[in-house]
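What follows is work.txt (compact mmCIF, C-alpha atoms).
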# COMPACT_ATOMS: atom_id res chain seq x y z
CA MET P 1 0.00 0.00 0.00
CA ARG P 2 1.14 3.52 -0.67
CA ALA P 3 2.13 5.92 2.08
CA PRO P 4 -0.87 7.89 3.38
CA THR P 5 -0.96 11.67 3.08
CA TRP P 6 -2.78 14.34 5.06
CA GLY P 7 -5.11 14.62 2.07
CA ASP P 8 -5.97 10.92 2.46
CA LEU P 9 -6.84 11.55 6.12
CA VAL P 10 -9.16 14.42 5.13
CA ALA P 11 -10.71 12.26 2.39
CA PHE P 12 -11.35 9.51 4.93
CA CYS P 13 -12.96 11.95 7.36
CA LYS P 14 -15.29 13.24 4.65
CA VAL P 15 -16.30 9.75 3.49
CA ASP P 16 -16.68 8.50 7.07
CA GLN P 17 -18.97 11.46 7.85
CA TRP P 18 -16.81 13.29 10.35
CA VAL P 19 -17.68 16.91 11.18
CA LEU P 20 -15.13 19.65 10.60
CA ALA P 21 -15.11 21.20 14.08
CA ARG P 22 -12.58 23.99 13.52
CA GLN P 23 -9.69 25.11 11.38
CA SER P 24 -6.55 26.81 12.58
CA LYS P 25 -3.07 25.45 12.00
CA HIS P 26 -4.79 22.09 11.68
CA ALA P 27 -8.23 20.99 10.55
CA VAL P 28 -9.94 19.30 13.51
CA TYR P 29 -12.52 16.63 12.69
CA LYS P 30 -14.92 15.02 15.16
CA LYS P 31 -17.26 12.04 15.04
CA VAL P 32 -19.56 10.42 17.59
CA LEU P 33 -20.07 6.68 17.14
CA PRO P 34 -23.49 5.06 17.71
CA ASP P 35 -22.37 3.84 21.15
CA GLY P 36 -21.56 7.42 22.21
CA THR P 37 -17.78 7.19 21.79
CA ALA P 38 -16.45 10.60 20.73
CA LEU P 39 -13.53 10.56 18.29
CA GLN P 40 -11.30 13.42 17.18
CA THR P 41 -8.42 13.76 14.74
CA GLU P 42 -6.35 16.58 13.29
CA ALA P 43 -5.01 17.00 9.76
CA SER P 44 -2.27 19.43 8.84
CA ARG P 45 -3.65 22.15 6.61
CA GLY P 46 -1.90 23.04 3.37
CA LYS P 47 0.12 19.83 3.39
CA ASP P 48 -2.26 17.52 1.54
CA ARG P 49 0.53 15.84 -0.39
CA ASP P 50 2.90 15.37 2.54
CA ASN P 51 3.13 11.80 3.77
CA ILE P 52 2.10 10.90 7.29
CA GLY P 53 4.88 8.96 9.02
CA ALA P 54 4.15 5.26 9.50
CA ARG P 55 4.22 5.38 13.30
CA LEU P 56 1.99 8.44 13.47
CA PHE P 57 -0.39 6.97 10.89
CA HIS P 58 -0.81 3.76 12.88
CA PHE P 59 -1.42 5.78 16.04
CA ILE P 60 -4.08 7.84 14.21
CA LEU P 61 -5.75 4.66 12.93
CA ARG P 62 -5.76 2.87 16.28
CA VAL P 63 -6.54 5.71 18.69
CA GLU P 64 -8.17 8.53 16.77
CA LEU P 65 -10.06 6.86 13.91
CA GLN P 66 -10.50 3.41 15.51
CA VAL P 67 -10.24 1.56 12.20
CA SER P 68 -7.73 -0.81 10.65
CA GLU P 69 -5.50 0.26 7.78
CA GLU P 70 -7.58 -1.92 5.45
CA GLU P 71 -10.82 -0.27 6.63
CA PHE P 72 -9.23 3.16 6.11
CA TRP P 73 -8.28 2.49 2.49
CA ASP P 74 -11.54 0.61 1.74
CA ALA P 75 -13.59 3.62 2.90
CA ILE P 76 -11.63 5.98 0.63
CA ARG P 77 -11.71 3.56 -2.32
CA ASN P 78 -15.44 2.69 -1.98
CA GLY P 79 -16.67 6.11 -0.89
CA GLU P 80 -18.59 4.52 2.00
CA PRO P 81 -18.19 5.02 5.75
CA ALA P 82 -15.95 2.57 7.57
CA ARG P 83 -17.64 -0.35 9.26
CA ARG P 84 -16.83 -0.46 12.91
CA PRO P 85 -18.05 -3.20 15.20
CA ALA P 86 -21.00 -1.97 17.22
CA HIS P 87 -20.10 -1.54 20.84
CA PRO P 88 -23.06 -2.12 23.14
CA ALA P 89 -24.03 0.93 25.14
CA PRO P 90 -23.34 0.54 28.84
CA PRO P 91 -26.42 -0.42 30.84
CA GLU P 92 -28.28 2.57 32.21
CA ALA P 93 -27.82 2.98 35.95
CA PRO P 94 -30.99 3.05 38.01
CA PRO P 95 -31.96 6.55 39.23
CA ARG P 96 -30.21 7.53 42.45
CA PRO P 97 -31.97 9.02 45.50
CA SER P 98 -32.40 12.80 45.37
CA ALA P 99 -30.83 15.08 47.96
CA GLY P 100 -34.20 15.28 49.73
CA LEU P 101 -34.47 11.50 49.94
CA VAL P 102 -30.91 11.26 51.24
CA HIS P 103 -31.72 13.81 53.95
CA GLN P 104 -34.86 11.90 54.98
CA LEU P 105 -33.00 8.56 55.06
CA ARG P 106 -30.29 10.05 57.28
CA LYS P 107 -32.74 11.82 59.59
CA HIS P 108 -35.50 9.23 59.99
CA VAL P 109 -34.06 5.84 59.07
CA ARG P 110 -30.57 6.78 60.34
CA LEU P 111 -28.70 5.25 57.39
CA SER P 112 -25.05 6.01 56.75
CA ASP P 113 -23.90 7.60 53.50
CA GLU P 114 -22.35 4.26 52.56
CA GLU P 115 -25.68 2.47 53.02
CA ILE P 116 -27.55 5.18 51.10
CA GLY P 117 -25.00 4.98 48.28
CA LYS P 118 -26.04 1.38 47.62
CA LEU P 119 -29.73 2.24 47.21
CA SER P 120 -31.62 3.03 44.03
CA LYS P 121 -34.23 5.78 44.14
CA ASP P 122 -37.03 3.18 44.21
CA ASP P 123 -35.40 1.31 47.11
CA ALA P 124 -34.96 4.56 49.04
CA VAL P 125 -38.63 5.53 48.57
CA LYS P 126 -39.75 2.03 49.59
CA MET P 127 -37.57 2.15 52.71
CA LEU P 128 -38.97 5.54 53.75
CA ASN P 129 -42.54 4.40 53.11
CA GLU P 130 -41.98 1.31 55.27
CA HIS P 131 -40.41 3.43 57.99
CA PHE P 132 -43.30 5.89 58.13
CA SER P 133 -45.99 3.19 57.87
CA LYS P 134 -44.61 1.45 61.01
CA ARG P 135 -44.33 4.60 63.04
CA SER P 136 -47.14 5.26 65.50
CA ASP P 137 -47.80 8.74 66.88
Could you spell out this file's structure in structure tokens?
Amino acid sequence: MRAPTWGDLVAFCKVDQWVLARQSKHAVYKKVLPDGTALQTEASRGKDRDNIGARLFHFILRVELQVSEEEFWDAIRNGEPARRPAHPAPPEAPPRPSAGLVHQLRKHVRLSDEEIGKLSKDDAVKMLNEHFSKRSD
């Protein structure tokens, strides 16, 4: 394969649907993957024909673009975005108790912050409801 240039990097970013975020000394491109991973890369401006060094190019592929060299060239050649394996989104954490619930749990149920930290919002509400339903005035 031929040595990649800064122009090749820009071509890849355009084909792979990256957004040109800003231009200064470098053109900064950004892309958010379906799993929420935010990627960013920079291309030297005015140096489209200059080769990117092999070590730098492999760093850009692995860390910034998150594609293989083959996927990089295939995207440019085919004019289609690179195929990346879909990363599953992390499971959504259950809602945490609000500050008001935390205060009530400390005051009435006398839980420690460590104990409260292990509770979901639903568990905290249930615990307070049980506490107040048992209380006789």
*Using only C-alpha atoms, pick whichever of P:Ser133, P:Ser98, P:Ser44, P:Asn78 has the shortest atom-to-atom distance to Lys25 of chain P.*
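Answer, going by the shortest atom-to-atom distance: P:Ser44.
Considering only C-alpha atoms, the residue among P:Leu128, P:Ser120, P:Phe59, P:Arg22 positioned nearest to Arg106 of chain P is P:Leu128.
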Give, as AutoDock Vina command-line options, the centre coordinates and the x, y and z edge lengths in Å to one decimal for an axis-aligned box around all listed atoms of segment 116-124 of chain P, padded by 5 Å on each side.
--center_x -31.0 --center_y 3.5 --center_z 47.6 --size_x 22.0 --size_y 14.5 --size_z 17.1
*Mind pulling up the distance from atom CA of Asn129 of chain P to atom CA of Arg110 of chain P?*
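Spanning atom CA of Arg110 of chain P to atom CA of Asn129 of chain P is a straight-line distance of 14.2 Å.
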_One decimal, in Å: what's the spacing between atom CA of Phe132 of chain P and atom CA of Glu114 of chain P?_
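Computed distance, atom CA of Phe132 of chain P to atom CA of Glu114 of chain P, equals 21.7 Å.
Those residues that approach Glu115 of chain P to within 12 Å, counting only C-alpha atoms, are Pro97, Val102, Leu105, Arg106, Val109, Arg110, Leu111, Ser112, Asp113, Gly117, Lys118, Leu119, Ser120, Asp123, Ala124 and Met127 of chain P; same-chain residues fewer than 2 positions away are not listed.
Using all atoms listed in the file, the shortest contact distance between Leu39 of chain P and any of P:His26, P:Val15, P:Leu65, P:Val10 is found at P:Leu65.
Between Ala38 of chain P and the residues P:Lys14, P:Lys134, P:Phe57, P:Val63, the shortest atom-to-atom distance, using only C-alpha atoms, involves P:Val63.
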*Interatomic distance (Å, one decimal) between atom CA of His58 of chain P and atom CA of Cys13 of chain P*: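 These atoms are spaced 15.7 Å apart.
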*For Val19 of chain P, which of P:Gly7, P:Arg84, P:Val32, P:Arg45 is the closest residue, counting all atoms listed in the file?*
P:Val32
_Residues proximal to (-17.3, 2.2, 4.6) were defined as those with any atom within 10 Å of that point in the file's coordinates, counting only C-alpha atoms. Which are they, as a PyMOL selection string?_
chain P and resi 12+15-17+71-84
*Could you pull the residues within 9 Å of Glu42 of chain P, counting all atoms listed in the file, minus those fewer than 2 positions along the same chain, as JSON, numbers by chain?*
{"P": [9, 10, 26, 27, 28, 29, 30, 40, 44, 64]}
Assuming the input is short of atoms at segment 59-78 of chain P, produce N, CA, C and O atoms for that part as a short mmCIF file (atom, residue, chain, number, x, y, z; two decimals), in the coordinates of the input.
data_model
loop_
_atom_site.label_atom_id
_atom_site.label_comp_id
_atom_site.auth_asym_id
_atom_site.auth_seq_id
_atom_site.Cartn_x
_atom_site.Cartn_y
_atom_site.Cartn_z
N PHE P 59 -0.83 5.21 14.83
CA PHE P 59 -1.42 5.78 16.04
C PHE P 59 -2.78 6.41 15.70
O PHE P 59 -3.77 6.20 16.41
N ILE P 60 -2.83 7.19 14.63
CA ILE P 60 -4.08 7.84 14.21
C ILE P 60 -5.15 6.79 13.93
O ILE P 60 -6.30 6.92 14.36
N LEU P 61 -4.79 5.73 13.23
CA LEU P 61 -5.75 4.66 12.93
C LEU P 61 -6.29 4.02 14.21
O LEU P 61 -7.51 3.89 14.38
N ARG P 62 -5.39 3.63 15.09
CA ARG P 62 -5.76 2.87 16.28
C ARG P 62 -6.50 3.72 17.31
O ARG P 62 -7.56 3.33 17.79
N VAL P 63 -6.00 4.92 17.60
CA VAL P 63 -6.54 5.71 18.69
C VAL P 63 -7.59 6.72 18.24
O VAL P 63 -8.64 6.84 18.84
N GLU P 64 -7.28 7.44 17.17
CA GLU P 64 -8.17 8.53 16.77
C GLU P 64 -9.31 8.09 15.86
O GLU P 64 -10.44 8.52 16.05
N LEU P 65 -9.02 7.28 14.87
CA LEU P 65 -10.06 6.86 13.91
C LEU P 65 -10.74 5.56 14.32
O LEU P 65 -11.86 5.29 13.92
N GLN P 66 -10.03 4.73 15.06
CA GLN P 66 -10.50 3.41 15.51
C GLN P 66 -10.93 2.52 14.34
O GLN P 66 -12.02 1.94 14.34
N VAL P 67 -10.04 2.45 13.35
CA VAL P 67 -10.24 1.56 12.20
C VAL P 67 -8.90 0.90 11.89
O VAL P 67 -7.84 1.39 12.28
N SER P 68 -8.96 -0.18 11.12
CA SER P 68 -7.73 -0.81 10.65
C SER P 68 -7.25 -0.08 9.41
O SER P 68 -8.00 0.71 8.80
N GLU P 69 -6.02 -0.35 9.00
CA GLU P 69 -5.50 0.26 7.78
C GLU P 69 -6.35 -0.16 6.57
O GLU P 69 -6.65 0.65 5.69
N GLU P 70 -6.75 -1.42 6.56
CA GLU P 70 -7.58 -1.92 5.45
C GLU P 70 -8.93 -1.18 5.41
O GLU P 70 -9.40 -0.79 4.34
N GLU P 71 -9.54 -0.98 6.57
CA GLU P 71 -10.82 -0.27 6.63
C GLU P 71 -10.66 1.18 6.18
O GLU P 71 -11.54 1.73 5.52
N PHE P 72 -9.53 1.79 6.52
CA PHE P 72 -9.23 3.16 6.11
C PHE P 72 -9.21 3.28 4.59
O PHE P 72 -9.93 4.09 4.00
N TRP P 73 -8.41 2.43 3.94
CA TRP P 73 -8.28 2.49 2.49
C TRP P 73 -9.57 2.05 1.79
O TRP P 73 -9.94 2.62 0.75
N ASP P 74 -10.27 1.05 2.34
CA ASP P 74 -11.54 0.61 1.74
C ASP P 74 -12.56 1.74 1.73
O ASP P 74 -13.28 1.93 0.75
N ALA P 75 -12.63 2.50 2.83
CA ALA P 75 -13.59 3.62 2.90
C ALA P 75 -13.28 4.65 1.81
O ALA P 75 -14.19 5.11 1.11
N ILE P 76 -12.01 5.00 1.65
CA ILE P 76 -11.63 5.98 0.63
C ILE P 76 -11.92 5.43 -0.77
O ILE P 76 -12.50 6.11 -1.61
N ARG P 77 -11.54 4.18 -1.00
CA ARG P 77 -11.71 3.56 -2.32
C ARG P 77 -13.20 3.40 -2.68
O ARG P 77 -13.61 3.68 -3.79
N ASN P 78 -14.02 2.98 -1.72
CA ASN P 78 -15.44 2.69 -1.98
C ASN P 78 -16.35 3.90 -1.79
O ASN P 78 -17.51 3.86 -2.19
#
